[in-house]
Amino acid sequence: MSVPTGSDLEPGWFTDSDAPAVRAFAERVTVGRGDPVERAVALFDAVRDGIWYDPFGVVTDPGDYRASRVAERTAAWCVPKAVLLTAAARAAGIPARLGFADVRNHLNTPRLRARMGGADLFAWHGYSALWLDGRWVKATPAFNAELCARFGVEPIAFDGTADALMHEFDGSGARYMSYEHDRGTFHDLPLDDVLATFRELYGESMFATPSTGRDAFTR
């Protein structure tokens, strides 16, 4: 990736880092932390564990993907969580971009697989790219610690110096996730492209009203 430009600190429509809710979130999480790495780690931890990972919350309303709205929610899936982390980092003075990759998940649930039309490839998995100590570091705040414990894996830890991406193996050594395709980084969320891919791969069932069923992803 190229070095940061001014746009990496500027708000987007989705990454609305200038919104009061986003600025309040960033200020609350980073208060007393002067070092950019410390601020980035605190923001990552807050997004990872403060918002439950819910893969059944995929909707088509653009407003639901704005960081200012995500900051006030208690559950979201990987893309909105990455949008919030990216916007909050910019609000805290850290250049940031949204990143996406296609991830094959080898641990799934029947309920989620049915919603995805039987697929196990998660297209447009979201993460944040943060400029820290002169280089880009990737971090995905998707899975909260409690959910990771249910699947027998350690939560993704981010120290601000190395990429923090999905686990390749679970706690028993079995294959967990693999990155299949890197879609690159963006200033703002390309929601139309994300939803078009979901319709192509998973069908309209991906956007159905969440069922009342329960599985390991249930909060």
# chains A, B, ... in the order shown; residues from 1 in each chain; ligands from 1

$ select_by_dssp --residues "region 116-184 of chain A" --states "strand (DSSP E or B)" --output "list in words"
Leu121, Phe122, Ala123, Trp124, His125, Gly126, Tyr127, Ser128, Ala129, Leu130, Trp131, Leu132, Arg135, Trp136, Val137, Lys138, Ala139, Ala164, Phe169, Arg175, Met177, Ser178, Tyr179, Glu180, His181, Asp182, Arg183 and Gly184 of chain A

$ write_last_selection --atoms "N, CA and C atoms" --output "PDB file, in the first residue's frame"
ATOM      1  N   LEU A 121     -17.527 -19.525   1.900  1.00  0.00           N
ATOM      2  CA  LEU A 121     -16.641 -18.423   1.558  1.00  0.00           C
ATOM      3  C   LEU A 121     -17.304 -17.119   1.977  1.00  0.00           C
ATOM      4  N   PHE A 122     -16.667 -16.403   2.887  1.00  0.00           N
ATOM      5  CA  PHE A 122     -17.163 -15.114   3.338  1.00  0.00           C
ATOM      6  C   PHE A 122     -16.517 -14.019   2.479  1.00  0.00           C
ATOM      7  N   ALA A 123     -17.260 -13.514   1.505  1.00  0.00           N
ATOM      8  CA  ALA A 123     -16.735 -12.458   0.642  1.00  0.00           C
ATOM      9  C   ALA A 123     -16.765 -11.122   1.372  1.00  0.00           C
ATOM     10  N   TRP A 124     -15.817 -10.259   1.018  1.00  0.00           N
ATOM     11  CA  TRP A 124     -15.748  -8.902   1.567  1.00  0.00           C
ATOM     12  C   TRP A 124     -15.637  -8.903   3.093  1.00  0.00           C
ATOM     13  N   HIS A 125     -14.826  -9.796   3.636  1.00  0.00           N
ATOM     14  CA  HIS A 125     -14.529  -9.727   5.073  1.00  0.00           C
ATOM     15  C   HIS A 125     -13.793  -8.426   5.343  1.00  0.00           C
ATOM     16  N   GLY A 126     -14.272  -7.673   6.334  1.00  0.00           N
ATOM     17  CA  GLY A 126     -13.723  -6.346   6.576  1.00  0.00           C
ATOM     18  C   GLY A 126     -12.636  -6.301   7.629  1.00  0.00           C
ATOM     19  N   TYR A 127     -11.647  -5.461   7.401  1.00  0.00           N
ATOM     20  CA  TYR A 127     -10.620  -5.174   8.400  1.00  0.00           C
ATOM     21  C   TYR A 127     -10.212  -3.709   8.252  1.00  0.00           C
ATOM     22  N   SER A 128      -9.374  -3.235   9.136  1.00  0.00           N
ATOM     23  CA  SER A 128      -8.856  -1.867   9.060  1.00  0.00           C
ATOM     24  C   SER A 128      -7.354  -1.905   8.826  1.00  0.00           C
ATOM     25  N   ALA A 129      -6.870  -0.990   8.015  1.00  0.00           N
ATOM     26  CA  ALA A 129      -5.434  -0.788   7.836  1.00  0.00           C
ATOM     27  C   ALA A 129      -5.078   0.529   8.507  1.00  0.00           C
ATOM     28  N   LEU A 130      -4.178   0.471   9.491  1.00  0.00           N
ATOM     29  CA  LEU A 130      -3.825   1.632  10.298  1.00  0.00           C
ATOM     30  C   LEU A 130      -2.353   1.986  10.092  1.00  0.00           C
ATOM     31  N   TRP A 131      -2.069   3.269   9.934  1.00  0.00           N
ATOM     32  CA  TRP A 131      -0.696   3.720   9.738  1.00  0.00           C
ATOM     33  C   TRP A 131      -0.072   3.995  11.104  1.00  0.00           C
ATOM     34  N   LEU A 132       0.848   3.120  11.518  1.00  0.00           N
ATOM     35  CA  LEU A 132       1.459   3.205  12.837  1.00  0.00           C
ATOM     36  C   LEU A 132       2.973   3.030  12.716  1.00  0.00           C
ATOM     37  N   ARG A 135       4.313   2.532   9.035  1.00  0.00           N
ATOM     38  CA  ARG A 135       3.891   1.458   8.130  1.00  0.00           C
ATOM     39  C   ARG A 135       2.436   1.110   8.384  1.00  0.00           C
ATOM     40  N   TRP A 136       1.842   0.450   7.397  1.00  0.00           N
ATOM     41  CA  TRP A 136       0.459   0.007   7.505  1.00  0.00           C
ATOM     42  C   TRP A 136       0.384  -1.309   8.265  1.00  0.00           C
ATOM     43  N   VAL A 137      -0.525  -1.382   9.211  1.00  0.00           N
ATOM     44  CA  VAL A 137      -0.768  -2.603   9.980  1.00  0.00           C
ATOM     45  C   VAL A 137      -2.248  -2.952   9.856  1.00  0.00           C
ATOM     46  N   LYS A 138      -2.525  -4.209   9.538  1.00  0.00           N
ATOM     47  CA  LYS A 138      -3.906  -4.647   9.336  1.00  0.00           C
ATOM     48  C   LYS A 138      -4.465  -5.264  10.622  1.00  0.00           C
ATOM     49  N   ALA A 139      -5.735  -4.966  10.896  1.00  0.00           N
ATOM     50  CA  ALA A 139      -6.361  -5.505  12.105  1.00  0.00           C
ATOM     51  C   ALA A 139      -7.843  -5.747  11.852  1.00  0.00           C
ATOM     52  N   ALA A 164      -3.069  -8.236  12.669  1.00  0.00           N
ATOM     53  CA  ALA A 164      -3.934  -9.042  13.529  1.00  0.00           C
ATOM     54  C   ALA A 164      -5.113  -9.495  12.685  1.00  0.00           C
ATOM     55  N   PHE A 169      -5.669 -21.634  12.297  1.00  0.00           N
ATOM     56  CA  PHE A 169      -6.050 -22.897  12.936  1.00  0.00           C
ATOM     57  C   PHE A 169      -6.791 -22.602  14.233  1.00  0.00           C
ATOM     58  N   ARG A 175      -7.939 -26.807  10.838  1.00  0.00           N
ATOM     59  CA  ARG A 175      -8.041 -25.643   9.981  1.00  0.00           C
ATOM     60  C   ARG A 175      -9.222 -24.776  10.401  1.00  0.00           C
ATOM     61  N   MET A 177      -9.605 -20.787   9.435  1.00  0.00           N
ATOM     62  CA  MET A 177      -9.929 -19.856   8.365  1.00  0.00           C
ATOM     63  C   MET A 177      -8.736 -19.698   7.431  1.00  0.00           C
ATOM     64  N   SER A 178      -9.026 -19.393   6.187  1.00  0.00           N
ATOM     65  CA  SER A 178      -7.957 -19.119   5.233  1.00  0.00           C
ATOM     66  C   SER A 178      -8.359 -17.942   4.361  1.00  0.00           C
ATOM     67  N   TYR A 179      -7.396 -17.061   4.086  1.00  0.00           N
ATOM     68  CA  TYR A 179      -7.637 -15.908   3.238  1.00  0.00           C
ATOM     69  C   TYR A 179      -7.449 -16.337   1.778  1.00  0.00           C
ATOM     70  N   GLU A 180      -8.500 -16.164   0.985  1.00  0.00           N
ATOM     71  CA  GLU A 180      -8.491 -16.636  -0.394  1.00  0.00           C
ATOM     72  C   GLU A 180      -8.188 -15.530  -1.400  1.00  0.00           C
ATOM     73  N   HIS A 181      -8.613 -14.305  -1.106  1.00  0.00           N
ATOM     74  CA  HIS A 181      -8.458 -13.232  -2.089  1.00  0.00           C
ATOM     75  C   HIS A 181      -8.461 -11.888  -1.382  1.00  0.00           C
ATOM     76  N   ASP A 182      -7.460 -11.063  -1.671  1.00  0.00           N
ATOM     77  CA  ASP A 182      -7.359  -9.732  -1.097  1.00  0.00           C
ATOM     78  C   ASP A 182      -8.006  -8.743  -2.053  1.00  0.00           C
ATOM     79  N   ARG A 183      -9.004  -7.999  -1.581  1.00  0.00           N
ATOM     80  CA  ARG A 183      -9.709  -7.028  -2.420  1.00  0.00           C
ATOM     81  C   ARG A 183      -9.135  -5.622  -2.289  1.00  0.00           C
ATOM     82  N   GLY A 184      -8.116  -5.451  -1.460  1.00  0.00           N
ATOM     83  CA  GLY A 184      -7.461  -4.164  -1.354  1.00  0.00           C
ATOM     84  C   GLY A 184      -8.078  -3.264  -0.300  1.00  0.00           C
TER      85      GLY A 184
END

$ residues_around --residues "Ala67 (chain A)" --least-positions-apart "6" --cutoff "7 Å" --atoms "only C-alpha atoms" --output "number ranges by chain"
A: 14-16, 22, 83-84, 87

$ write_last_selection --atoms "C-alpha atoms" --output "PDB file, in the first residue's frame"
ATOM      1  CA  PHE A  14     -19.756   5.702   5.890  1.00  0.00           C
ATOM      2  CA  THR A  15     -16.510   6.373   7.764  1.00  0.00           C
ATOM      3  CA  ASP A  16     -17.968   9.572   9.202  1.00  0.00           C
ATOM      4  CA  VAL A  22     -17.716   8.669  16.468  1.00  0.00           C
ATOM      5  CA  VAL A  83     -16.013   0.789   9.375  1.00  0.00           C
ATOM      6  CA  LEU A  84     -16.218   1.956  12.996  1.00  0.00           C
ATOM      7  CA  ALA A  87     -13.481   6.020  11.382  1.00  0.00           C
TER       8      ALA A  87
END

$ closest_atom_pairs --of "region 136-193 of chain A" --to "region 39-48 of chain A" --cutoff "7 Å" --atoms "only C-alpha atoms" --output "JSON lines"
{"residue": "A:Pro141", "atom": "CA", "partner": "A:Arg48", "partner_atom": "CA", "distance": 4.4}
{"residue": "A:Ala142", "atom": "CA", "partner": "A:Arg48", "partner_atom": "CA", "distance": 5.9}
{"residue": "A:Phe143", "atom": "CA", "partner": "A:Arg48", "partner_atom": "CA", "distance": 6.2}
{"residue": "A:Asn144", "atom": "CA", "partner": "A:Arg48", "partner_atom": "CA", "distance": 5.0}
{"residue": "A:Phe158", "atom": "CA", "partner": "A:Val41", "partner_atom": "CA", "distance": 6.2}
{"residue": "A:Asp159", "atom": "CA", "partner": "A:Val41", "partner_atom": "CA", "distance": 6.0}
{"residue": "A:Gly160", "atom": "CA", "partner": "A:Val41", "partner_atom": "CA", "distance": 6.0}

$ write_last_selection --atoms "all heavy atoms" --output "CSV table (one decimal), in the first residue's frame"
chain,number,residue,atom,x,y,z
A,141,PRO,N,-11.3,-6.5,13.8
A,141,PRO,CA,-11.9,-6.5,15.1
A,141,PRO,C,-13.2,-7.3,15.1
A,141,PRO,O,-14.1,-7.1,16.0
A,141,PRO,CB,-12.2,-5.0,15.3
A,141,PRO,CG,-12.6,-4.5,14.0
A,141,PRO,CD,-11.7,-5.3,13.0
A,142,ALA,N,-13.3,-8.3,14.2
A,142,ALA,CA,-14.6,-9.0,14.0
A,142,ALA,C,-15.1,-9.8,15.2
A,142,ALA,O,-16.1,-9.5,15.8
A,142,ALA,CB,-14.6,-9.9,12.8
A,143,PHE,N,-14.4,-10.8,15.6
A,143,PHE,CA,-14.8,-11.8,16.6
A,143,PHE,C,-14.5,-11.3,18.0
A,143,PHE,O,-13.3,-11.2,18.4
A,143,PHE,CB,-14.2,-13.1,16.4
A,143,PHE,CG,-14.8,-13.9,15.3
A,143,PHE,CD1,-15.8,-13.4,14.4
A,143,PHE,CD2,-14.4,-15.2,15.0
A,143,PHE,CE1,-16.4,-14.1,13.4
A,143,PHE,CE2,-15.0,-15.9,14.0
A,143,PHE,CZ,-15.9,-15.4,13.2
A,144,ASN,N,-15.5,-11.1,18.8
A,144,ASN,CA,-15.3,-10.7,20.2
A,144,ASN,C,-14.8,-11.9,21.0
A,144,ASN,O,-14.9,-13.1,20.6
A,144,ASN,CB,-16.6,-10.2,20.8
A,144,ASN,CG,-17.8,-11.1,20.6
A,144,ASN,OD1,-18.2,-11.2,19.5
A,144,ASN,ND2,-18.3,-11.7,21.7
A,158,PHE,N,-4.2,-7.6,19.1
A,158,PHE,CA,-3.5,-6.5,18.3
A,158,PHE,C,-2.6,-5.7,19.2
A,158,PHE,O,-3.1,-5.2,20.2
A,158,PHE,CB,-4.6,-5.7,17.6
A,158,PHE,CG,-4.1,-4.6,16.8
A,158,PHE,CD1,-3.2,-4.8,15.7
A,158,PHE,CD2,-4.4,-3.3,17.0
A,158,PHE,CE1,-2.7,-3.8,15.0
A,158,PHE,CE2,-3.9,-2.2,16.2
A,158,PHE,CZ,-3.1,-2.5,15.2
A,159,ASP,N,-1.3,-5.6,18.9
A,159,ASP,CA,-0.4,-4.8,19.7
A,159,ASP,C,0.1,-3.6,18.9
A,159,ASP,O,0.9,-2.9,19.4
A,159,ASP,CB,0.8,-5.7,20.1
A,159,ASP,CG,1.6,-6.2,19.0
A,159,ASP,OD1,1.4,-5.8,17.8
A,159,ASP,OD2,2.6,-6.9,19.2
A,160,GLY,N,-0.5,-3.4,17.7
A,160,GLY,CA,-0.1,-2.2,17.0
A,160,GLY,C,1.2,-2.3,16.2
A,160,GLY,O,1.6,-1.3,15.5

$ closest_residue --among "A:Thr86, A:Ala145, A:Val29, A:Val3" --to "Ile51 (chain A)" --atoms "only C-alpha atoms"
A:Ala145

$ select_by_dssp --residues "region 25-73 of chain A" --states "alpha helix (DSSP H)" --output "list in words"
Phe25, Ala26, Glu27, Arg28, Val29, Thr30, Pro36, Val37, Glu38, Arg39, Ala40, Val41, Ala42, Leu43, Phe44, Asp45, Ala46, Val47, Arg48, Asp49, Gly50, Ala67, Ser68, Arg69 and Val70 of chain A

$ residues_around --residues "Gly213 (chain A)" --least-positions-apart "3" --cutoff "12 Å" --atoms "only C-alpha atoms" --output "PDB file with N, CA, C and O atoms, in the first residue's frame"
ATOM      1  N   PHE A  56     -25.659 -12.501  11.302  1.00  0.00           N
ATOM      2  CA  PHE A  56     -27.035 -12.515  10.801  1.00  0.00           C
ATOM      3  C   PHE A  56     -27.590 -11.097  10.646  1.00  0.00           C
ATOM      4  O   PHE A  56     -28.770 -10.933  10.344  1.00  0.00           O
ATOM      5  N   THR A 109     -21.850 -22.886  11.330  1.00  0.00           N
ATOM      6  CA  THR A 109     -23.009 -23.492  11.974  1.00  0.00           C
ATOM      7  C   THR A 109     -24.051 -23.760  10.900  1.00  0.00           C
ATOM      8  O   THR A 109     -24.102 -23.052   9.874  1.00  0.00           O
ATOM      9  N   PRO A 110     -24.893 -24.768  11.092  1.00  0.00           N
ATOM     10  CA  PRO A 110     -25.932 -25.036  10.091  1.00  0.00           C
ATOM     11  C   PRO A 110     -26.818 -23.828   9.823  1.00  0.00           C
ATOM     12  O   PRO A 110     -27.213 -23.580   8.680  1.00  0.00           O
ATOM     13  N   ARG A 111     -27.124 -23.073  10.851  1.00  0.00           N
ATOM     14  CA  ARG A 111     -27.983 -21.899  10.688  1.00  0.00           C
ATOM     15  C   ARG A 111     -27.336 -20.854   9.793  1.00  0.00           C
ATOM     16  O   ARG A 111     -27.973 -20.294   8.893  1.00  0.00           O
ATOM     17  N   LEU A 112     -26.034 -20.600   9.993  1.00  0.00           N
ATOM     18  CA  LEU A 112     -25.348 -19.614   9.167  1.00  0.00           C
ATOM     19  C   LEU A 112     -25.135 -20.134   7.757  1.00  0.00           C
ATOM     20  O   LEU A 112     -25.295 -19.400   6.777  1.00  0.00           O
ATOM     21  N   ALA A 114     -27.005 -22.145   6.102  1.00  0.00           N
ATOM     22  CA  ALA A 114     -28.277 -22.063   5.388  1.00  0.00           C
ATOM     23  C   ALA A 114     -28.529 -20.628   4.913  1.00  0.00           C
ATOM     24  O   ALA A 114     -29.026 -20.405   3.803  1.00  0.00           O
ATOM     25  N   ARG A 115     -28.206 -19.670   5.739  1.00  0.00           N
ATOM     26  CA  ARG A 115     -28.409 -18.271   5.361  1.00  0.00           C
ATOM     27  C   ARG A 115     -27.517 -17.891   4.186  1.00  0.00           C
ATOM     28  O   ARG A 115     -27.877 -17.027   3.373  1.00  0.00           O
ATOM     29  N   THR A 209     -34.895 -11.349   7.252  1.00  0.00           N
ATOM     30  CA  THR A 209     -35.019 -11.006   8.668  1.00  0.00           C
ATOM     31  C   THR A 209     -34.393 -12.116   9.492  1.00  0.00           C
ATOM     32  O   THR A 209     -34.675 -13.296   9.273  1.00  0.00           O
ATOM     33  N   PRO A 210     -33.521 -11.802  10.433  1.00  0.00           N
ATOM     34  CA  PRO A 210     -32.865 -12.851  11.220  1.00  0.00           C
ATOM     35  C   PRO A 210     -33.878 -13.809  11.838  1.00  0.00           C
ATOM     36  O   PRO A 210     -34.909 -13.396  12.365  1.00  0.00           O
ATOM     37  N   ALA A 216     -24.153 -21.019  17.978  1.00  0.00           N
ATOM     38  CA  ALA A 216     -22.990 -20.505  18.713  1.00  0.00           C
ATOM     39  C   ALA A 216     -22.812 -18.998  18.549  1.00  0.00           C
ATOM     40  O   ALA A 216     -22.141 -18.352  19.352  1.00  0.00           O
ATOM     41  N   PHE A 217     -23.421 -18.425  17.500  1.00  0.00           N
ATOM     42  CA  PHE A 217     -23.283 -16.980  17.272  1.00  0.00           C
ATOM     43  C   PHE A 217     -24.295 -16.166  18.079  1.00  0.00           C
ATOM     44  O   PHE A 217     -24.208 -14.944  18.103  1.00  0.00           O
ATOM     45  N   THR A 218     -25.257 -16.827  18.697  1.00  0.00           N
ATOM     46  CA  THR A 218     -26.296 -16.099  19.420  1.00  0.00           C
ATOM     47  C   THR A 218     -25.721 -15.436  20.664  1.00  0.00           C
ATOM     48  O   THR A 218     -25.041 -16.088  21.461  1.00  0.00           O
ATOM     49  N   ARG A 219     -26.037 -14.178  20.827  1.00  0.00           N
ATOM     50  CA  ARG A 219     -25.488 -13.430  21.935  1.00  0.00           C
ATOM     51  C   ARG A 219     -26.035 -13.946  23.255  1.00  0.00           C
ATOM     52  O   ARG A 219     -27.228 -14.213  23.380  1.00  0.00           O
TER      53      ARG A 219
END

$ atom_distance --atom1 "CA of Phe151 (chain A)" --atom2 "CA of Asp120 (chain A)"
16.0 Å

$ atom_distance --atom1 "CA of Asp49 (chain A)" --atom2 "CA of Ala71 (chain A)"
12.5 Å

$ closest_residue --among "A:Ala96, A:Ala91, A:Val79, A:Ala119" --to "Arg66 (chain A)" --atoms "only C-alpha atoms"
A:Val79

$ closest_residue --among "A:Pro55, A:Gly99, A:Pro155, A:Pro4" --to "Cys78 (chain A)" --atoms "only C-alpha atoms"
A:Pro55

$ atom_distance --atom1 "CA of Leu85 (chain A)" --atom2 "CA of Gly117 (chain A)"
29.3 Å

$ closest_residue --among "A:Ala101, A:Ala21, A:Leu191, A:Ala26" --to "Val70 (chain A)" --atoms "only C-alpha atoms"
A:Ala21
